[in-house]
>>> print(open('upload_26.txt').read())   # compact mmCIF, C-alpha atoms
# COMPACT_ATOMS: atom_id res chain seq x y z
CA MET A 1 23.11 0.46 20.13
CA ASN A 2 24.54 -2.88 19.15
CA LEU A 3 25.30 -2.93 15.42
CA LEU A 4 25.25 -6.71 15.14
CA HIS A 5 21.87 -6.96 16.83
CA SER A 6 20.58 -4.09 14.70
CA LEU A 7 21.67 -5.96 11.60
CA ALA A 8 19.91 -9.11 12.85
CA ILE A 9 16.72 -7.08 13.44
CA VAL A 10 16.81 -5.74 9.89
CA ILE A 11 17.44 -9.20 8.42
CA VAL A 12 14.58 -10.76 10.41
CA ALA A 13 12.26 -7.92 9.32
CA ALA A 14 13.32 -8.37 5.69
CA VAL A 15 12.82 -12.15 5.71
CA SER A 16 9.46 -11.90 7.53
CA THR A 17 8.21 -9.26 5.11
CA PHE A 18 9.21 -11.36 2.12
CA LEU A 19 7.54 -14.42 3.67
CA THR A 20 4.19 -12.66 4.01
CA ARG A 21 4.34 -11.63 0.37
CA ALA A 22 5.52 -15.03 -0.85
CA THR A 23 3.03 -17.17 1.09
CA PRO A 24 0.31 -17.26 -1.59
CA PHE A 25 2.91 -18.31 -4.15
CA ILE A 26 4.40 -20.96 -1.86
CA LEU A 27 0.96 -22.38 -1.05
CA PHE A 28 -0.69 -22.17 -4.46
CA GLY A 29 2.03 -21.45 -6.98
CA ARG A 30 3.61 -24.86 -7.47
CA THR A 31 4.48 -25.37 -11.13
CA GLY A 32 2.20 -27.78 -12.90
CA LYS A 33 -0.36 -27.62 -10.12
CA LYS A 34 -3.70 -26.18 -11.20
CA VAL A 35 -4.72 -23.22 -9.07
CA ASN A 36 -8.05 -24.13 -7.55
CA SER A 37 -11.19 -22.28 -8.53
CA THR A 38 -11.79 -20.74 -5.11
CA ILE A 39 -8.35 -19.12 -5.17
CA LEU A 40 -8.94 -17.84 -8.70
CA TYR A 41 -12.30 -16.45 -7.59
CA LEU A 42 -10.71 -14.69 -4.62
CA GLY A 43 -7.97 -13.33 -6.86
CA ARG A 44 -10.68 -11.85 -9.07
CA VAL A 45 -12.95 -10.28 -6.44
CA LEU A 46 -10.49 -9.41 -3.66
CA PRO A 47 -8.81 -6.38 -5.29
CA ALA A 48 -12.03 -4.35 -5.21
CA ALA A 49 -12.71 -5.30 -1.59
CA VAL A 50 -9.10 -4.70 -0.53
CA MET A 51 -8.90 -1.32 -2.28
CA ALA A 52 -12.05 -0.14 -0.53
CA THR A 53 -10.56 -1.32 2.76
CA LEU A 54 -7.24 0.40 2.03
CA LEU A 55 -9.06 3.65 1.35
CA ILE A 56 -10.52 3.46 4.85
CA TYR A 57 -7.06 2.52 6.15
CA ALA A 58 -5.63 5.67 4.56
CA LEU A 59 -8.34 7.70 6.30
CA LYS A 60 -8.03 5.95 9.65
CA GLY A 61 -6.09 8.80 11.22
CA VAL A 62 -8.97 11.20 10.68
CA SER A 63 -10.17 12.53 13.99
CA PHE A 64 -13.82 13.30 14.45
CA LYS A 65 -13.07 15.19 17.62
CA ALA A 66 -11.57 18.15 15.81
CA LEU A 67 -14.02 19.49 13.25
CA SER A 68 -11.26 20.86 11.02
CA SER A 69 -9.49 17.51 10.73
CA TRP A 70 -12.31 15.53 9.18
CA VAL A 71 -13.57 18.46 7.14
CA PHE A 72 -10.12 18.74 5.50
CA ASP A 73 -9.85 15.03 4.81
CA PHE A 74 -13.36 14.48 3.56
CA GLY A 75 -13.42 17.77 1.66
CA ALA A 76 -10.24 16.86 -0.23
CA LEU A 77 -11.52 13.31 -0.71
CA LEU A 78 -14.83 14.53 -2.11
CA VAL A 79 -13.05 16.89 -4.53
CA THR A 80 -10.74 14.06 -5.65
CA ILE A 81 -13.72 11.79 -6.33
CA LEU A 82 -15.78 14.47 -8.12
CA VAL A 83 -12.85 15.56 -10.29
CA HIS A 84 -12.22 11.94 -11.12
CA LEU A 85 -15.85 11.25 -12.02
CA LYS A 86 -15.82 14.30 -14.29
CA TRP A 87 -12.51 13.83 -16.14
CA ARG A 88 -11.38 10.26 -15.38
CA ASN A 89 -7.77 11.47 -15.28
CA THR A 90 -6.00 9.90 -12.30
CA LEU A 91 -3.09 12.32 -12.18
CA LEU A 92 -5.37 15.37 -12.38
CA SER A 93 -7.69 14.08 -9.65
CA ILE A 94 -4.80 13.29 -7.32
CA THR A 95 -2.98 16.56 -7.94
CA LEU A 96 -6.04 18.74 -7.34
CA GLY A 97 -7.14 16.74 -4.28
CA THR A 98 -3.66 16.82 -2.75
CA LEU A 99 -3.08 20.53 -3.44
CA LEU A 100 -6.41 21.34 -1.83
CA TYR A 101 -5.51 19.20 1.18
CA MET A 102 -2.09 20.86 1.54
CA VAL A 103 -3.64 24.33 1.39
CA LEU A 104 -6.23 23.29 3.98
CA VAL A 105 -3.82 21.74 6.50
CA GLN A 106 -1.12 24.36 6.11
CA GLY A 107 -3.84 26.97 6.53
CA PRO A 108 -2.28 30.09 4.99
CA PHE A 109 -5.74 31.67 5.04
CA TRP A 110 -6.49 31.22 8.72
CA MET B 1 13.92 -0.68 -20.02
CA ILE B 2 11.66 1.54 -17.88
CA LYS B 3 8.50 2.53 -19.70
CA LYS B 4 7.31 6.12 -19.87
CA GLU B 5 3.76 4.94 -19.21
CA ALA B 6 4.97 3.37 -15.96
CA PHE B 7 6.52 6.67 -14.91
CA ILE B 8 3.24 8.54 -15.44
CA LEU B 9 1.25 5.86 -13.62
CA THR B 10 3.61 5.95 -10.65
CA LEU B 11 3.75 9.75 -10.25
CA PRO B 12 1.26 9.84 -7.36
CA VAL B 13 3.17 7.07 -5.62
CA MET B 14 6.36 9.07 -6.19
CA MET B 15 4.92 12.03 -4.26
CA GLY B 16 3.80 9.82 -1.41
CA TYR B 17 6.90 7.63 -1.26
CA LEU B 18 9.37 10.50 -1.44
CA VAL B 19 7.72 12.30 1.44
CA LEU B 20 7.18 9.21 3.58
CA GLY B 21 10.66 7.96 2.68
CA VAL B 22 12.20 11.25 3.82
CA ALA B 23 10.24 10.94 7.07
CA PHE B 24 11.54 7.41 7.59
CA GLY B 25 15.14 8.40 6.84
CA LEU B 26 14.90 11.32 9.25
CA LEU B 27 13.57 9.14 12.06
CA LEU B 28 16.23 6.49 11.60
CA GLN B 29 19.00 9.07 11.47
CA ASN B 30 17.64 10.55 14.72
CA GLU B 31 18.26 7.16 16.33
CA GLY B 32 21.92 7.49 15.43
CA TYR B 33 22.05 5.28 12.37
CA HIS B 34 24.23 6.09 9.35
CA TRP B 35 22.29 6.97 6.19
CA LEU B 36 23.39 3.69 4.63
CA TRP B 37 21.07 1.93 7.08
CA ALA B 38 18.11 3.87 5.72
CA SER B 39 19.03 2.99 2.13
CA GLY B 40 19.71 -0.64 3.02
CA ILE B 41 16.44 -1.12 4.89
CA SER B 42 14.43 0.43 2.07
CA LEU B 43 16.31 -1.73 -0.40
CA PHE B 44 15.92 -5.06 1.41
CA VAL B 45 12.80 -4.72 3.58
CA PHE B 46 10.71 -2.34 1.44
CA ALA B 47 7.55 -2.13 3.51
CA GLY B 48 6.16 1.34 4.21
CA SER B 49 4.33 1.20 7.50
CA MET B 50 6.46 -1.69 8.77
CA GLN B 51 9.64 0.37 8.39
CA PHE B 52 8.27 3.01 10.74
CA VAL B 53 7.61 0.27 13.28
CA LEU B 54 11.11 -1.03 12.58
CA VAL B 55 12.64 2.29 13.68
CA ALA B 56 10.99 1.76 17.08
CA LEU B 57 12.14 -1.87 17.21
CA LEU B 58 15.71 -0.78 16.40
CA ALA B 59 15.59 2.01 18.96
CA GLN B 60 14.62 -0.38 21.74
CA GLN B 61 16.87 -3.17 20.38
CA ALA B 62 13.90 -5.53 20.49
CA PRO B 63 14.38 -9.30 20.70
CA LEU B 64 14.35 -11.01 17.29
CA ILE B 65 11.20 -13.01 18.03
CA THR B 66 9.33 -9.75 18.70
CA VAL B 67 10.64 -8.38 15.41
CA ALA B 68 9.45 -11.48 13.53
CA VAL B 69 5.97 -11.58 15.08
CA THR B 70 5.45 -7.82 14.74
CA THR B 71 6.53 -7.87 11.10
CA LEU B 72 4.26 -10.79 10.28
CA LEU B 73 1.29 -9.05 11.93
CA VAL B 74 1.88 -5.60 10.47
CA ASN B 75 2.40 -7.08 7.00
CA SER B 76 -0.22 -9.81 7.22
CA ARG B 77 -2.46 -8.03 4.73
CA HIS B 78 0.15 -8.92 2.11
CA LEU B 79 -0.91 -12.55 2.51
CA PHE B 80 -3.89 -11.67 0.34
CA TYR B 81 -2.24 -9.52 -2.28
CA GLY B 82 -0.38 -12.28 -4.08
CA LEU B 83 -3.58 -14.26 -4.65
CA SER B 84 -4.50 -12.04 -7.59
CA PHE B 85 -1.18 -12.48 -9.33
CA ILE B 86 -0.14 -16.11 -8.90
CA GLU B 87 -0.36 -17.08 -12.56
CA ARG B 88 0.92 -13.69 -13.67
CA PHE B 89 4.15 -13.60 -11.66
CA LYS B 90 4.85 -17.30 -12.20
CA LYS B 91 5.29 -16.63 -15.89
CA MET B 92 7.79 -13.84 -15.24
CA GLY B 93 10.72 -15.91 -13.96
CA LYS B 94 13.29 -13.89 -12.01
CA ARG B 95 11.32 -10.70 -12.56
CA GLY B 96 8.36 -12.49 -11.00
CA LEU B 97 10.40 -13.17 -7.89
CA TYR B 98 11.16 -9.46 -7.65
CA MET B 99 7.44 -8.70 -8.12
CA VAL B 100 6.64 -10.93 -5.14
CA PHE B 101 9.25 -9.10 -3.05
CA ALA B 102 8.09 -5.64 -4.16
CA LEU B 103 4.34 -6.10 -3.75
CA THR B 104 3.61 -3.14 -1.46
CA ASP B 105 0.13 -1.63 -0.96
CA GLU B 106 0.74 0.98 -3.62
CA THR B 107 2.31 -1.36 -6.19
CA TYR B 108 -0.56 -3.77 -5.62
CA ALA B 109 -3.01 -0.92 -6.08
CA LEU B 110 -1.47 0.19 -9.37
CA LEU B 111 -1.36 -3.37 -10.69
CA CYS B 112 -5.01 -3.88 -9.77
CA ALA B 113 -5.93 -0.62 -11.47
CA ARG B 114 -4.24 -1.75 -14.69
CA GLY B 115 -6.15 -5.02 -14.54
CA ALA B 116 -5.37 -7.69 -17.10
CA GLN B 117 -4.19 -5.42 -19.91
CA ALA B 118 -0.82 -4.54 -18.43
CA ASP B 119 2.13 -6.32 -20.01
CA GLU B 120 5.04 -7.79 -18.09
CA SER B 121 7.55 -5.03 -18.66
CA LEU B 122 5.00 -2.42 -17.58
CA ILE B 123 4.20 -4.05 -14.26
CA PHE B 124 7.89 -4.74 -13.64
CA SER B 125 8.69 -1.08 -14.35
CA ILE B 126 5.95 0.03 -11.96
CA ALA B 127 7.39 -2.07 -9.13
CA LEU B 128 10.97 -0.99 -9.82
CA LEU B 129 10.11 2.72 -10.06
CA ASN B 130 8.09 2.59 -6.86
CA GLN B 131 10.96 1.05 -4.96
CA SER B 132 13.44 3.53 -6.41
CA TYR B 133 11.31 6.44 -5.13
CA TRP B 134 11.19 4.81 -1.72
CA VAL B 135 14.95 4.21 -1.55
CA ALA B 136 15.67 7.73 -2.85
CA GLY B 137 13.33 9.32 -0.30
CA SER B 138 14.76 7.32 2.61
CA THR B 139 18.33 8.10 1.68
CA LEU B 140 17.57 11.77 1.16
CA GLY B 141 15.77 11.95 4.50
CA ALA B 142 18.68 10.39 6.37
CA LEU B 143 21.21 12.61 4.59
CA VAL B 144 19.61 16.04 4.48
CA GLY B 145 16.15 15.71 6.02
CA SER B 146 16.95 17.96 8.92
CA TYR B 147 17.81 20.84 6.57
CA LEU B 148 14.54 20.77 4.59
CA THR B 149 12.83 24.13 4.77
CA PHE B 150 9.87 24.07 2.37
CA ASN B 151 6.60 22.96 3.84
CA LEU B 152 5.39 19.64 2.47
CA GLU B 153 2.78 19.09 5.14
CA GLY B 154 -0.21 17.32 3.73
CA ILE B 155 1.43 15.96 0.58
CA GLU B 156 0.98 12.43 1.94
CA PHE B 157 -2.69 12.86 1.01
CA ALA B 158 -1.58 11.89 -2.51
CA MET B 159 -1.73 8.25 -1.46
CA THR B 160 -5.26 8.57 -0.06
CA ALA B 161 -6.25 10.28 -3.29
CA LEU B 162 -4.62 7.48 -5.29
CA PHE B 163 -6.65 4.87 -3.43
CA ALA B 164 -9.80 6.96 -3.95
CA THR B 165 -9.34 7.19 -7.73
CA ILE B 166 -8.73 3.44 -7.94
CA VAL B 167 -11.88 2.70 -5.98
CA VAL B 168 -13.83 5.04 -8.28
CA GLU B 169 -12.33 3.40 -11.40
CA GLN B 170 -13.19 -0.05 -10.16
CA TRP B 171 -16.66 1.12 -9.30
CA LEU B 172 -17.19 2.54 -12.81
CA THR B 173 -15.57 -0.01 -15.04
CA LYS B 174 -15.83 -3.38 -13.40
CA LYS B 175 -18.60 -5.56 -12.15
CA SER B 176 -17.00 -5.46 -8.74
CA ARG B 177 -19.38 -3.22 -6.86
CA LEU B 178 -20.51 -5.86 -4.43
CA PRO B 179 -16.92 -6.83 -3.45
CA ALA B 180 -16.11 -3.11 -3.05
CA LEU B 181 -19.13 -2.62 -0.80
CA ILE B 182 -18.16 -5.68 1.22
CA GLY B 183 -14.63 -4.29 1.66
CA LEU B 184 -15.96 -0.87 2.63
CA PHE B 185 -18.45 -2.31 5.08
CA SER B 186 -15.88 -4.66 6.69
CA ALA B 187 -13.39 -1.84 7.06
CA ILE B 188 -15.83 0.59 8.67
CA VAL B 189 -17.28 -1.99 11.06
CA ALA B 190 -13.82 -3.24 12.05
CA LEU B 191 -12.52 0.32 12.44
CA LEU B 192 -15.39 1.34 14.72
CA TRP B 193 -15.16 -1.89 16.67
CA LEU B 194 -11.41 -2.42 17.03
CA GLY B 195 -9.92 1.03 16.56
CA SER B 196 -7.46 2.32 14.01
CA ASP B 197 -4.43 0.33 15.20
CA LYS B 198 -5.67 -3.18 14.60
CA PHE B 199 -8.65 -3.15 12.28
CA LEU B 200 -6.93 -3.88 8.98
CA LEU B 201 -6.33 -7.62 9.26
CA PRO B 202 -9.74 -8.46 10.80
CA ALA B 203 -11.40 -6.36 8.09
CA LEU B 204 -9.57 -8.30 5.37
CA VAL B 205 -10.37 -11.66 6.97
CA PHE B 206 -14.03 -10.67 7.19
CA SER B 207 -14.05 -9.58 3.53
CA VAL B 208 -12.57 -12.91 2.45
CA ALA B 209 -15.16 -14.81 4.50
CA ALA B 210 -18.02 -12.73 3.10
CA LEU B 211 -16.78 -13.15 -0.49
CA LEU B 212 -16.45 -16.92 -0.06
CA PHE B 213 -19.96 -17.04 1.35
CA MET B 214 -21.16 -15.05 -1.65
CA LYS B 215 -19.56 -17.53 -4.05
CA ARG B 216 -21.25 -20.49 -2.38
CA TRP B 217 -24.58 -18.70 -2.41
CA GLU B 218 -24.26 -17.87 -6.13
CA GLU B 219 -23.40 -21.45 -6.96
CA ARG B 220 -26.46 -22.89 -5.33
>>> encode(input="upload_26.txt", output="structure tokens")
Amino acid sequence: MNLLHSLAIVIVAAVSTFLTRATPFILFGRTGKKVNSTILYLGRVLPAAVMATLLIYALKGVSFKALSSWVFDFGALLVTILVHLKWRNTLLSITLGTLLYMVLVQGPFW
Amino acid sequence: MIKKEAFILTLPVMMGYLVLGVAFGLLLQNEGYHWLWASGISLFVFAGSMQFVLVALLAQQAPLITVAVTTLLVNSRHLFYGLSFIERFKKMGKRGLYMVFALTDETYALLCARGAQADESLIFSIALLNQSYWVAGSTLGALVGSYLTFNLEGIEFAMTALFATIVVEQWLTKKSRLPALIGLFSAIVALLWLGSDKFLLPALVFSVAALLFMKRWEER
């Protein structure tokens, strides 16, 4: 391994990552320039669409070939959602869902 | 000053980031890198899934152009995240610049969940705490990861659960059900069509197109 090249790789990755995050600000964030209404509209409606997409992204590794895999994931997901609908307490929903998932995948009972 | 409220809000991210960070640190250390590399990368790159790809790129000593293109593609979803916060971060000066840098999936998610009520110091604290968990996890993983004995398998579900609660919250409290359905539909169609490796960006592009179409249709 070449340390100098490794360093260059890390720097390029850092700069590229920052660029993707900064692009909306570079394109639409100029001071004094009014942000156009389409961009404001997207800024308002996109979070809900993106969050739904990210939820699927988080579940993308679920395999439907092995029964246990998707039962664990969707079981824990269902519990998380139901607990959240009942108590509306984010930390409680996440803790219970995650503990259930850990018990299921680590399988101390089978 | 870090707010207590920010700490409570970021607890689920802490669980996810610590575990994933440890995994990243372990992998990098396995490639023969000093633990400082793990800390440094998490400090200056700060991109969850991209950093796992970066371990592979470092291992094969990939050409810089490959690194640049791969990073831009893997992180391309971030192109959309800033759109919701342009006015917000602009007002924050230097802190705003850090917010742009630190806008990961999870930080974005927490900021969206807080909506418009969150004040500047709260959202700054959220971003800073999230990165500190990530750096701590990475460093820990590179230093002692190979000695860990307790079984944390499955704890990464905390992040899935976090996304789920945010989707439920948005569904209950906001008039954003149609956008949520569009996002869900795009993601599932793209996932079935393109497979799990490359569906994210097309799904986001399709959501944006559908939402723009919706706006035009409403305005008629």
>>> closest_residue(input="upload_26.txt", among="B:Ile182, B:Leu191, B:Ala56, B:Ala164", to="Ala76 of chain A", atoms="all atoms listed in the file")
B:Ala164
>>> closest_residue(input="upload_26.txt", among="A:Ser69, A:Thr23, A:Thr53, A:Thr90", to="Val105 of chain A", atoms="all atoms listed in the file")
A:Ser69
>>> residues_around(input="upload_26.txt", residues="Val50 of chain A", least_positions_apart="5", cutoff="8 Å", atoms="all atoms listed in the file", output="number ranges by chain")
B: 180, 183, 204
>>> atom_distance(input="upload_26.txt", atom1="atom CA of Phe80 of chain B", atom2="atom CA of Leu77 of chain A")
26.1 Å
>>> closest_residue(input="upload_26.txt", among="B:Ala142, B:Thr173, B:Thr165, B:Phe157", to="Gln29 of chain B", atoms="all atoms listed in the file")
B:Ala142
>>> atom_distance(input="upload_26.txt", atom1="atom CA of Asn75 of chain B", atom2="atom CA of Leu103 of chain B")
11.0 Å
>>> atom_distance(input="upload_26.txt", atom1="atom CA of Pro179 of chain B", atom2="atom CA of Pro47 of chain A")
8.3 Å
>>> residues_near_point(input="upload_26.txt", point="(12.8, -0.1, 0.8)", cutoff="12 Å", atoms="all atoms listed in the file", output="PyMOL selection string")
(chain A and resi 10+13-14+17-18) or (chain B and resi 17-18+20-22+24-25+36-52+54+101-104+127-139)
>>> axis_aligned_box(input="upload_26.txt", around="segment 89-105 of chain B", padding_each_side="5 Å", output="JSON")
{"center_x": 6.7, "center_y": -9.5, "center_z": -8.4, "size_x": 23.2, "size_y": 25.7, "size_z": 24.9}
>>> residues_around(input="upload_26.txt", residues="Gly61 of chain A", least_positions_apart="5", cutoff="10 Å", atoms="only C-alpha atoms", output="number ranges by chain")
A: 56, 69-70, 73; B: 196-197
